[in-house]
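Novice: For reference, this is entry04.txt, and it has compact mmCIF, C-alpha atoms and all ligand atoms.
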# COMPACT_ATOMS: atom_id res chain seq x y z
CA MET A 1 0.00 0.00 0.00
CA SER A 2 1.28 3.49 -0.85
CA ARG A 3 2.28 5.73 2.02
CA ARG A 4 0.77 9.19 2.29
CA LEU A 5 2.67 12.45 2.01
CA LEU A 6 -0.01 14.66 3.52
CA ILE A 7 -0.17 18.29 2.43
CA VAL A 8 -2.16 20.59 4.71
CA GLY A 9 -3.59 23.22 2.35
CA ARG A 10 -5.04 22.60 -1.10
CA SER A 11 -5.78 25.74 -3.09
CA GLY A 12 -2.88 27.94 -1.91
CA GLN A 13 0.03 28.79 -4.22
CA VAL A 14 2.52 26.32 -2.77
CA ALA A 15 -0.10 23.66 -1.97
CA THR A 16 -1.33 23.72 -5.59
CA GLU A 17 2.19 23.28 -6.96
CA LEU A 18 2.98 20.49 -4.49
CA GLN A 19 0.02 18.51 -5.84
CA LYS A 20 1.44 18.68 -9.39
CA LEU A 21 4.69 16.99 -8.39
CA THR A 22 5.44 13.30 -8.81
CA PRO A 23 5.98 11.59 -5.46
CA PRO A 24 8.68 8.94 -5.15
CA PRO A 25 7.62 5.33 -5.82
CA GLY A 26 5.56 3.89 -2.99
CA PHE A 27 4.14 7.27 -1.94
CA VAL A 28 1.04 9.26 -2.80
CA LEU A 29 0.55 12.99 -2.33
CA GLU A 30 -2.71 13.92 -0.69
CA ALA A 31 -3.79 17.52 -0.09
CA TRP A 32 -6.39 18.61 2.44
CA GLY A 33 -8.18 21.95 2.10
CA ARG A 34 -9.82 23.70 5.00
CA ASP A 35 -13.08 21.86 4.29
CA ARG A 36 -11.23 18.72 5.47
CA VAL A 37 -8.94 20.21 8.13
CA ASP A 38 -9.55 23.64 9.61
CA LEU A 39 -6.50 25.16 11.29
CA CYS A 40 -8.78 27.42 13.31
CA ASP A 41 -9.28 24.33 15.50
CA PRO A 42 -5.74 23.14 16.37
CA HIS A 43 -6.75 20.18 18.52
CA MET A 44 -9.18 18.81 15.94
CA ALA A 45 -6.69 19.41 13.11
CA ALA A 46 -3.99 17.38 14.88
CA LYS A 47 -6.48 14.62 15.73
CA LEU A 48 -7.75 14.32 12.14
CA ILE A 49 -4.25 14.22 10.72
CA ALA A 50 -3.14 11.59 13.22
CA SER A 51 -6.08 9.34 12.35
CA HIS A 52 -4.95 9.35 8.71
CA GLU A 53 -1.51 7.92 9.62
CA PRO A 54 0.56 9.94 7.14
CA ALA A 55 4.22 9.12 6.48
CA VAL A 56 5.02 12.83 6.57
CA VAL A 57 3.07 16.06 7.10
CA ILE A 58 3.80 19.10 4.93
CA ASN A 59 2.11 22.23 6.24
CA ALA A 60 1.55 24.52 3.24
CA ALA A 61 -1.39 26.32 4.88
CA ALA A 62 -1.13 29.60 6.72
CA TYR A 63 -2.91 32.84 7.51
CA THR A 64 -1.19 34.92 4.80
CA MET A 65 -3.16 38.20 4.77
CA VAL A 66 -0.30 40.36 5.99
CA ASP A 67 -2.19 43.66 6.32
CA ARG A 68 -5.44 42.20 7.62
CA ALA A 69 -3.50 40.32 10.33
CA GLU A 70 -2.83 43.68 12.01
CA THR A 71 -6.51 43.89 12.97
CA GLU A 72 -7.16 40.14 13.17
CA PRO A 73 -4.26 38.89 15.28
CA SER A 74 -6.12 36.06 16.99
CA ALA A 75 -6.88 34.28 13.69
CA ALA A 76 -3.26 34.72 12.54
CA PHE A 77 -1.88 33.27 15.78
CA VAL A 78 -4.28 30.31 15.88
CA ILE A 79 -3.51 29.30 12.28
CA ASN A 80 0.20 30.18 12.19
CA ARG A 81 1.24 29.22 15.73
CA ASP A 82 -1.32 27.17 17.63
CA SER A 83 -2.14 24.70 14.86
CA PRO A 84 1.52 24.08 13.95
CA ALA A 85 2.12 23.53 17.69
CA ALA A 86 -0.63 20.90 17.95
CA ILE A 87 0.29 19.19 14.67
CA SER A 88 4.04 19.09 15.34
CA ARG A 89 3.45 17.73 18.88
CA MET A 90 1.23 15.02 17.41
CA CYS A 91 3.94 14.28 14.82
CA GLU A 92 6.55 14.02 17.55
CA SER A 93 4.46 11.55 19.56
CA ARG A 94 4.00 9.30 16.50
CA GLY A 95 7.45 9.66 14.93
CA ILE A 96 6.09 11.43 11.84
CA PRO A 97 8.39 14.01 10.19
CA TYR A 98 6.87 17.48 9.91
CA VAL A 99 7.76 20.06 7.22
CA HIS A 100 6.80 23.66 7.91
CA ILE A 101 6.96 26.73 5.66
CA SER A 102 7.92 30.09 7.12
CA THR A 103 8.77 33.55 5.89
CA ASP A 104 11.31 36.35 5.48
CA TYR A 105 8.90 38.48 7.57
CA VAL A 106 10.32 36.88 10.74
CA PHE A 107 13.21 39.34 10.25
CA ASP A 108 13.05 43.11 10.72
CA GLY A 109 14.74 43.88 7.40
CA ASP A 110 17.40 46.12 8.92
CA LYS A 111 20.38 43.88 8.08
CA PRO A 112 22.38 45.24 5.14
CA ALA A 113 23.11 41.73 3.78
CA PRO A 114 21.00 38.63 3.02
CA TYR A 115 19.69 36.85 6.12
CA VAL A 116 21.15 33.50 7.17
CA GLU A 117 19.20 30.91 9.14
CA THR A 118 20.86 31.77 12.45
CA ASP A 119 20.20 35.51 12.28
CA ARG A 120 18.15 36.92 15.13
CA ARG A 121 14.45 37.05 14.35
CA ASN A 122 12.74 40.34 15.10
CA PRO A 123 9.38 40.48 13.32
CA LYS A 124 7.71 43.87 13.02
CA THR A 125 4.21 42.78 12.03
CA VAL A 126 1.47 40.59 13.49
CA TYR A 127 1.87 38.15 10.57
CA GLY A 128 5.65 38.03 11.09
CA ARG A 129 5.26 37.48 14.85
CA SER A 130 2.68 34.73 14.33
CA LYS A 131 5.02 32.95 11.88
CA SER A 132 8.04 33.44 14.14
CA GLU A 133 6.21 32.01 17.14
CA GLY A 134 5.06 29.21 14.83
CA GLU A 135 8.72 28.36 14.28
CA ASP A 136 9.36 28.40 18.03
CA VAL A 137 6.56 25.95 18.81
CA VAL A 138 7.58 23.57 16.03
CA ILE A 139 11.14 23.49 17.36
CA ALA A 140 9.89 23.11 20.94
CA SER A 141 7.70 20.14 19.95
CA GLY A 142 10.80 18.01 19.47
CA ALA A 143 9.37 16.63 16.20
CA SER A 144 11.70 15.63 13.36
CA ALA A 145 10.99 18.93 11.68
CA ALA A 146 12.24 21.01 8.78
CA ILE A 147 11.32 24.70 8.66
CA ILE A 148 11.78 26.26 5.22
CA ARG A 149 11.63 30.05 5.06
CA THR A 150 10.78 31.54 1.69
CA SER A 151 9.93 34.97 0.30
CA TRP A 152 7.93 36.90 -2.31
CA VAL A 153 6.05 33.85 -3.64
CA TYR A 154 4.26 34.05 -7.00
CA ALA A 155 2.49 31.56 -9.27
CA ALA A 156 0.27 31.41 -12.34
CA HIS A 157 -2.68 31.08 -9.94
CA GLY A 158 -3.72 32.62 -6.63
CA ALA A 159 -3.24 36.10 -5.21
CA ASN A 160 0.27 37.36 -5.90
CA PHE A 161 2.31 40.31 -7.17
CA LEU A 162 2.88 38.92 -10.68
CA ARG A 163 -0.83 38.51 -11.35
CA THR A 164 -1.61 41.87 -9.77
CA MET A 165 0.88 43.62 -12.10
CA LEU A 166 -0.66 42.03 -15.20
CA ARG A 167 -4.15 42.99 -14.05
CA LEU A 168 -3.25 46.59 -13.21
CA ALA A 169 -1.34 47.05 -16.49
CA GLU A 170 -4.57 46.36 -18.38
CA SER A 171 -6.21 49.47 -16.96
CA HIS A 172 -3.29 51.82 -16.13
CA ASP A 173 -0.56 53.38 -18.26
CA GLU A 174 1.72 53.91 -15.28
CA LEU A 175 2.17 51.88 -12.10
CA ARG A 176 3.80 53.31 -8.96
CA ILE A 177 5.91 50.53 -7.49
CA VAL A 178 8.10 50.49 -4.37
CA ALA A 179 11.80 50.46 -5.24
CA ASP A 180 13.44 50.60 -1.79
CA GLN A 181 12.48 47.14 -0.51
CA MET A 182 14.81 44.37 -1.67
CA GLY A 183 13.95 40.68 -1.83
CA ARG A 184 14.15 37.48 -3.83
CA PRO A 185 11.01 36.51 -5.80
CA THR A 186 10.26 32.79 -5.55
CA TRP A 187 8.20 30.77 -8.03
CA ALA A 188 5.75 28.57 -6.10
CA LYS A 189 6.68 25.64 -8.35
CA ASP A 190 10.31 25.92 -7.23
CA ILE A 191 9.60 26.21 -3.52
CA ALA A 192 7.19 23.25 -3.84
CA GLY A 193 9.97 21.15 -5.40
CA ALA A 194 12.37 22.07 -2.59
CA VAL A 195 9.75 21.32 0.07
CA LEU A 196 8.94 17.89 -1.38
CA ASP A 197 12.64 17.05 -1.66
CA VAL A 198 13.18 17.94 2.01
CA ALA A 199 10.02 16.03 3.06
CA VAL A 200 11.09 12.85 1.26
CA ARG A 201 14.55 12.98 2.79
CA ALA A 202 13.15 13.64 6.24
CA GLN A 203 10.79 10.70 5.82
CA ALA A 204 13.76 8.50 4.86
CA GLY A 205 15.46 9.44 8.11
CA ASP A 206 18.03 11.85 6.64
CA ARG A 207 18.84 14.10 9.60
CA ASP A 208 20.58 16.59 7.29
CA ALA A 209 17.10 17.51 6.04
CA LEU A 210 15.97 18.63 9.50
CA GLY A 211 16.34 22.13 10.91
CA VAL A 212 15.82 25.60 9.50
CA PHE A 213 16.55 26.36 5.83
CA HIS A 214 16.20 29.37 3.56
CA TYR A 215 14.90 28.85 0.02
CA SER A 216 14.08 31.66 -2.41
CA GLY A 217 14.70 32.54 -6.04
CA ALA A 218 18.35 33.43 -6.80
CA GLY A 219 19.25 37.08 -7.34
CA ASP A 220 18.09 40.32 -5.79
CA ALA A 221 15.21 42.53 -6.85
CA SER A 222 13.14 45.42 -5.64
CA TRP A 223 9.38 45.27 -6.21
CA ALA A 224 9.92 47.76 -9.01
CA ASP A 225 12.57 45.50 -10.61
CA PHE A 226 10.19 42.56 -10.31
CA ALA A 227 7.36 44.57 -11.90
CA HIS A 228 9.69 45.74 -14.67
CA THR A 229 10.69 42.17 -15.54
CA ILE A 230 7.05 41.00 -15.52
CA LEU A 231 5.89 43.80 -17.79
CA ALA A 232 8.96 43.72 -20.06
CA ASN A 233 7.72 40.29 -21.07
CA THR A 234 4.19 41.27 -21.97
CA SER A 235 5.02 42.12 -25.61
CA ARG A 236 5.93 38.45 -26.01
CA PHE A 237 2.32 37.60 -25.20
CA ASN A 238 0.68 40.51 -26.99
CA ILE A 239 -0.90 42.00 -23.90
CA LYS A 240 -0.96 45.56 -22.67
CA THR A 241 1.98 46.85 -20.66
CA ALA A 242 2.49 49.89 -18.40
CA ARG A 243 5.34 52.19 -17.37
CA ILE A 244 6.84 51.68 -13.93
CA ARG A 245 7.34 54.71 -11.68
CA ARG A 246 9.76 53.85 -8.88
CA ILE A 247 8.52 55.13 -5.52
CA THR A 248 9.59 54.81 -1.88
CA THR A 249 7.95 52.79 0.89
CA ALA A 250 6.91 56.10 2.49
CA GLU A 251 4.90 56.90 -0.66
CA TYR A 252 3.00 53.59 -0.38
CA PRO A 253 1.84 53.19 3.23
CA THR A 254 0.44 49.80 4.26
CA ALA A 255 -1.10 48.58 7.54
CA ALA A 256 1.82 46.19 8.06
CA ARG A 257 5.32 47.57 7.58
CA ARG A 258 7.29 45.44 5.08
CA PRO A 259 10.99 44.69 5.75
CA ALA A 260 13.34 46.87 3.68
CA ASN A 261 15.59 43.83 3.24
CA SER A 262 13.83 40.51 2.63
CA ARG A 263 16.80 38.77 1.01
CA LEU A 264 17.35 35.20 2.25
CA ASP A 265 20.78 33.59 1.96
CA THR A 266 20.29 30.08 0.53
CA THR A 267 23.84 28.75 0.99
CA LYS A 268 22.82 26.21 3.65
CA ILE A 269 20.20 24.38 1.58
CA GLU A 270 22.52 24.47 -1.45
CA GLN A 271 25.54 23.06 0.36
CA ARG A 272 23.86 20.65 2.72
CA LEU A 273 21.10 19.28 0.47
CA GLY A 274 22.26 20.20 -3.04
CA ILE A 275 19.02 22.14 -3.67
CA ILE A 276 19.98 25.00 -5.97
CA PRO A 277 17.53 27.90 -6.43
CA ARG A 278 16.70 29.05 -9.93
CA ASP A 279 17.37 32.67 -10.93
CA TRP A 280 14.17 34.59 -10.17
CA ARG A 281 14.10 36.13 -13.68
CA GLU A 282 14.01 32.68 -15.27
CA GLY A 283 11.27 31.57 -12.86
CA CYS A 284 9.32 34.71 -13.76
CA GLN A 285 9.58 33.96 -17.52
CA LEU A 286 8.50 30.34 -17.02
CA CYS A 287 5.58 31.37 -14.84
CA LEU A 288 4.45 33.95 -17.41
CA SER A 289 4.62 31.29 -20.15
CA GLU A 290 2.51 28.96 -18.02
CA LEU A 291 -0.01 31.72 -17.39
CA LEU A 292 -0.21 33.34 -20.83
CA ASP A 293 0.92 30.89 -23.53
N1 LIG B 301 2.90 34.27 -0.38
C1 LIG B 301 4.11 34.71 -0.07
O1 LIG B 301 4.64 35.66 -0.66
C2 LIG B 301 4.90 34.02 1.03
C3 LIG B 301 6.15 34.54 1.39
C4 LIG B 301 6.87 33.92 2.39
C5 LIG B 301 6.36 32.78 3.01
N2 LIG B 301 5.15 32.30 2.66
C6 LIG B 301 4.64 31.13 3.37
O2 LIG B 301 4.49 30.08 2.42
C7 LIG B 301 3.41 29.21 2.80
C8 LIG B 301 2.47 29.03 1.66
O3 LIG B 301 1.97 30.31 1.28
P1 LIG B 301 1.06 30.52 -0.01
O4 LIG B 301 1.51 31.80 -0.65
O5 LIG B 301 1.00 29.26 -0.80
O6 LIG B 301 -0.33 30.78 0.71
P2 LIG B 301 -1.74 31.14 0.06
O7 LIG B 301 -1.69 31.03 -1.42
O8 LIG B 301 -2.19 32.41 0.69
O9 LIG B 301 -2.66 29.95 0.58
C9 LIG B 301 -2.93 29.80 1.93
C10 LIG B 301 -3.29 28.36 2.20
O10 LIG B 301 -3.61 28.25 3.59
C11 LIG B 301 -4.81 27.55 3.72
N3 LIG B 301 -5.53 28.01 4.91
C12 LIG B 301 -5.74 29.28 5.33
N4 LIG B 301 -6.49 29.29 6.45
C13 LIG B 301 -6.75 27.99 6.72
C14 LIG B 301 -7.48 27.33 7.74
N5 LIG B 301 -8.12 27.99 8.72
N6 LIG B 301 -7.53 25.98 7.74
C15 LIG B 301 -6.91 25.28 6.76
N7 LIG B 301 -6.21 25.83 5.77
C16 LIG B 301 -6.14 27.18 5.76
C17 LIG B 301 -5.60 27.82 2.47
O11 LIG B 301 -6.52 26.79 2.44
P3 LIG B 301 -7.53 26.41 1.25
O12 LIG B 301 -6.68 25.59 0.34
O13 LIG B 301 -8.61 25.61 1.83
O14 LIG B 301 -7.99 27.74 0.72
C18 LIG B 301 -4.50 27.84 1.42
O15 LIG B 301 -4.21 26.53 0.97
C19 LIG B 301 2.82 29.84 4.05
O16 LIG B 301 3.36 29.24 5.19
C20 LIG B 301 3.28 31.29 4.00
O17 LIG B 301 3.36 31.87 5.29
C21 LIG B 301 4.40 32.88 1.68
Turn this file's structure into structure tokens for me.
Specialist:
Amino acid sequence: MSRRLLIVGRSGQVATELQKLTPPPGFVLEAWGRDRVDLCDPHMAAKLIASHEPAVVINAAAYTMVDRAETEPSAAFVINRDSPAAISRMCESRGIPYVHISTDYVFDGDKPAPYVETDRRNPKTVYGRSKSEGEDVVIASGASAAIIRTSWVYAAHGANFLRTMLRLAESHDELRIVADQMGRPTWAKDIAGAVLDVAVRAQAGDRDALGVFHYSGAGDASWADFAHTILANTSRFNIKTARIRRITTAEYPTAARRPANSRLDTTKIEQRLGIIPRDWREGCQLCLSELLD
């Protein structure tokens, strides 16, 4: 009988891409949406997952509404901290490896260089704090756990910056885009591949696959650079483009303050696991082809 690689989350960007991957022989990938497991009820979520006897649990679900979290902290903390706590404790008690996805927003963004895994976390937003405390509880559970931090995720589906740029370009000649926040755009398909790789190794008992890792697209970009690359490609697909006007963070206030530096250093996952991130520009082109071809 095939063993289950259970994905918590079904319609999210990363969850969707995980379901398109081919599991190793002897395994099946199964994804549960919130109709099957609701992370607003941590105890019930852990109980349901346990009863399914998965070989590994990949948590691709999260409260991801960064601005709304500022006024809805209890939902963010239940989904991003309390449910991972209950699920990872259940995994620990049954010897099931647990793979968790976290974020660049656990950092304050003040470091002038890319963040490494051991850098001090200092989240500045409710979302960032809920994800950071989620990491703490997963580590404290004692489960065989991998925590993979990623950043600036986009896909051909779902709510993301790439799709927003294409939509806005249809109705605007000029887009004002923040140019003083730096990060590393990550194609959901790529982070899904890295997550599955880590999950399979963890399931096989490879202790090198446990711990905290950074995975993002390779190469630096501001949001304005990202927008420029997205829209520079639109002629290829015969769709309307728009000019980019580079603005500062101060000119685009949001409820949750974004880190000025979101760059994640991926040396550890490259050297320890041989997982090499793709250049973000290439990922962007491939994603646009998937979306528009
Ligand atoms: N998006 C980014 O730019 C970004 C950046 C850094 C890190 N991350 C992290 O990467 C991971 C995946 O993010 P994503 O962009 O794929 O997220 P997403 O597209 O916003 O999808 C969120 C997922 O969470 C699930 N979910 C939300 N509330 C739930 C609940 N109460 N019960 C069960 N499931 C619930 C959704 O379930 P349904 O399938 O049922 O709708 C959906 O599958 C998250 O841990 C996120 O924090 C994301």
Novice: Can you tell me which residues come within 7 Å of ligand LIG 301 (chain B) when counting all atoms listed in the file, ideally as JSON, numbers by chain?
Specialist: {"A": [8, 9, 10, 11, 12, 13, 14, 15, 33, 34, 35, 37, 38, 39, 40, 60, 61, 62, 63, 64, 79, 101, 102, 103, 104, 131, 149, 150, 151, 152, 153, 154, 158, 159, 160]}
Novice: Nearest to A:Leu288: which of A:Asn233, A:Asn80, A:Ser141, A:Thr267 is it, counting all atoms listed in the file?
Specialist: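 Smallest separation from A:Leu288 among the options: A:Asn233.
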Novice: State, in Å with one decimal place, the distance from atom CA of A:Thr266 to atom CA of A:Pro24.
Specialist: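 Distance between the two atoms: 24.8 Å.
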Novice: Let me make sure I understand: among A:Arg3, A:Arg207, A:His214, A:Arg81, which one has the smallest atom-to-atom distance to A:Glu270 if we use all atoms listed in the file?
Specialist: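 Result for the nearest residue to A:Glu270: A:His214.
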Novice: Can you tell me which residues surround stretch 68-72 of chain A at a distance of at most 10 Å, considering only C-alpha atoms, apart from same-chain residues fewer than 3 positions away, and format the answer as a PyMOL selection string?
Specialist: chain A and resi 63-65+75-77+125-128+130+255-256
Novice: Restricting the calculation to all atoms listed in the file: of A:Ala143, A:Ala169, A:Val198, A:Leu5, which residue gets closest to A:Pro25?
Specialist: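 Smallest distance to A:Pro25 is found for A:Leu5.
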Novice: Which one of A:Ala145, A:Leu162, A:Ile230, A:Leu264 sits closest to A:Ile87 if you count all atoms listed in the file?
Specialist: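 Of the candidates, the smallest distance to A:Ile87 is held by A:Ala145.
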Novice: Find, counting all atoms listed in the file, the residue in A:Ala218, A:Leu292, A:Leu273, A:Met165 that gets nearest to A:Ile244.
Specialist: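 When distances to A:Ile244 are compared using all atoms listed in the file, the smallest one comes from A:Met165.
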Novice: The centre and edge lengths of an axis-aligned box containing all atoms of stretch 193-211 of chain A present in the file, extended by 5 Å on each side, are to be given in Å to one decimal, as lines of an AutoDock Vina configuration file.
Specialist:
center_x = 14.8
center_y = 15.3
center_z = 2.8
size_x = 21.6
size_y = 23.6
size_z = 26.3
Novice: Could you give me, as a VMD selection string, the residues within 12 Å of A:Ile276, counting all atoms listed in the file and dropping anything in the same chain fewer than 2 positions from it?
Specialist: chain A and resid 190 to 191 193 to 194 197 214 to 218 265 to 274 278 to 280
Novice: Find the distance between atom CA of A:Ala85 and atom CA of A:Leu48 and write it in Å to one decimal.
Specialist: 14.6 Å
Novice: Counting all atoms listed in the file, which of A:Thr164, A:Arg94, A:Arg201, A:Asn238 gets nearest to A:Pro23?
Specialist: A:Arg201
Novice: Within 8 Å of A:Asp41, counting only C-alpha atoms, which residues show up once you throw out same-chain ones fewer than 4 positions away? Write them as number ranges by chain, please.
Specialist: A: 45, 78, 83
Novice: Quick one, how far is atom CA of A:Ala50 from atom CA of A:His100?
Specialist: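 Atom-to-atom, atom CA of A:Ala50 to atom CA of A:His100, that is 16.5 Å.
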Novice: With only C-alpha atoms counted, which protein, DNA or RNA residues have an atom no more than 10 Å from (8.1, 55.2, -8.6) in the file frame? Please answer as a list in words.
Specialist: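 Final list of nearby residues, as requested, is Glu174, Leu175, Arg176, Ile177, Val178, Ala179, Asp180, Ala224, Arg243, Ile244, Arg245, Arg246, Ile247, Thr248, Thr249, Glu251 and Tyr252 of chain A.
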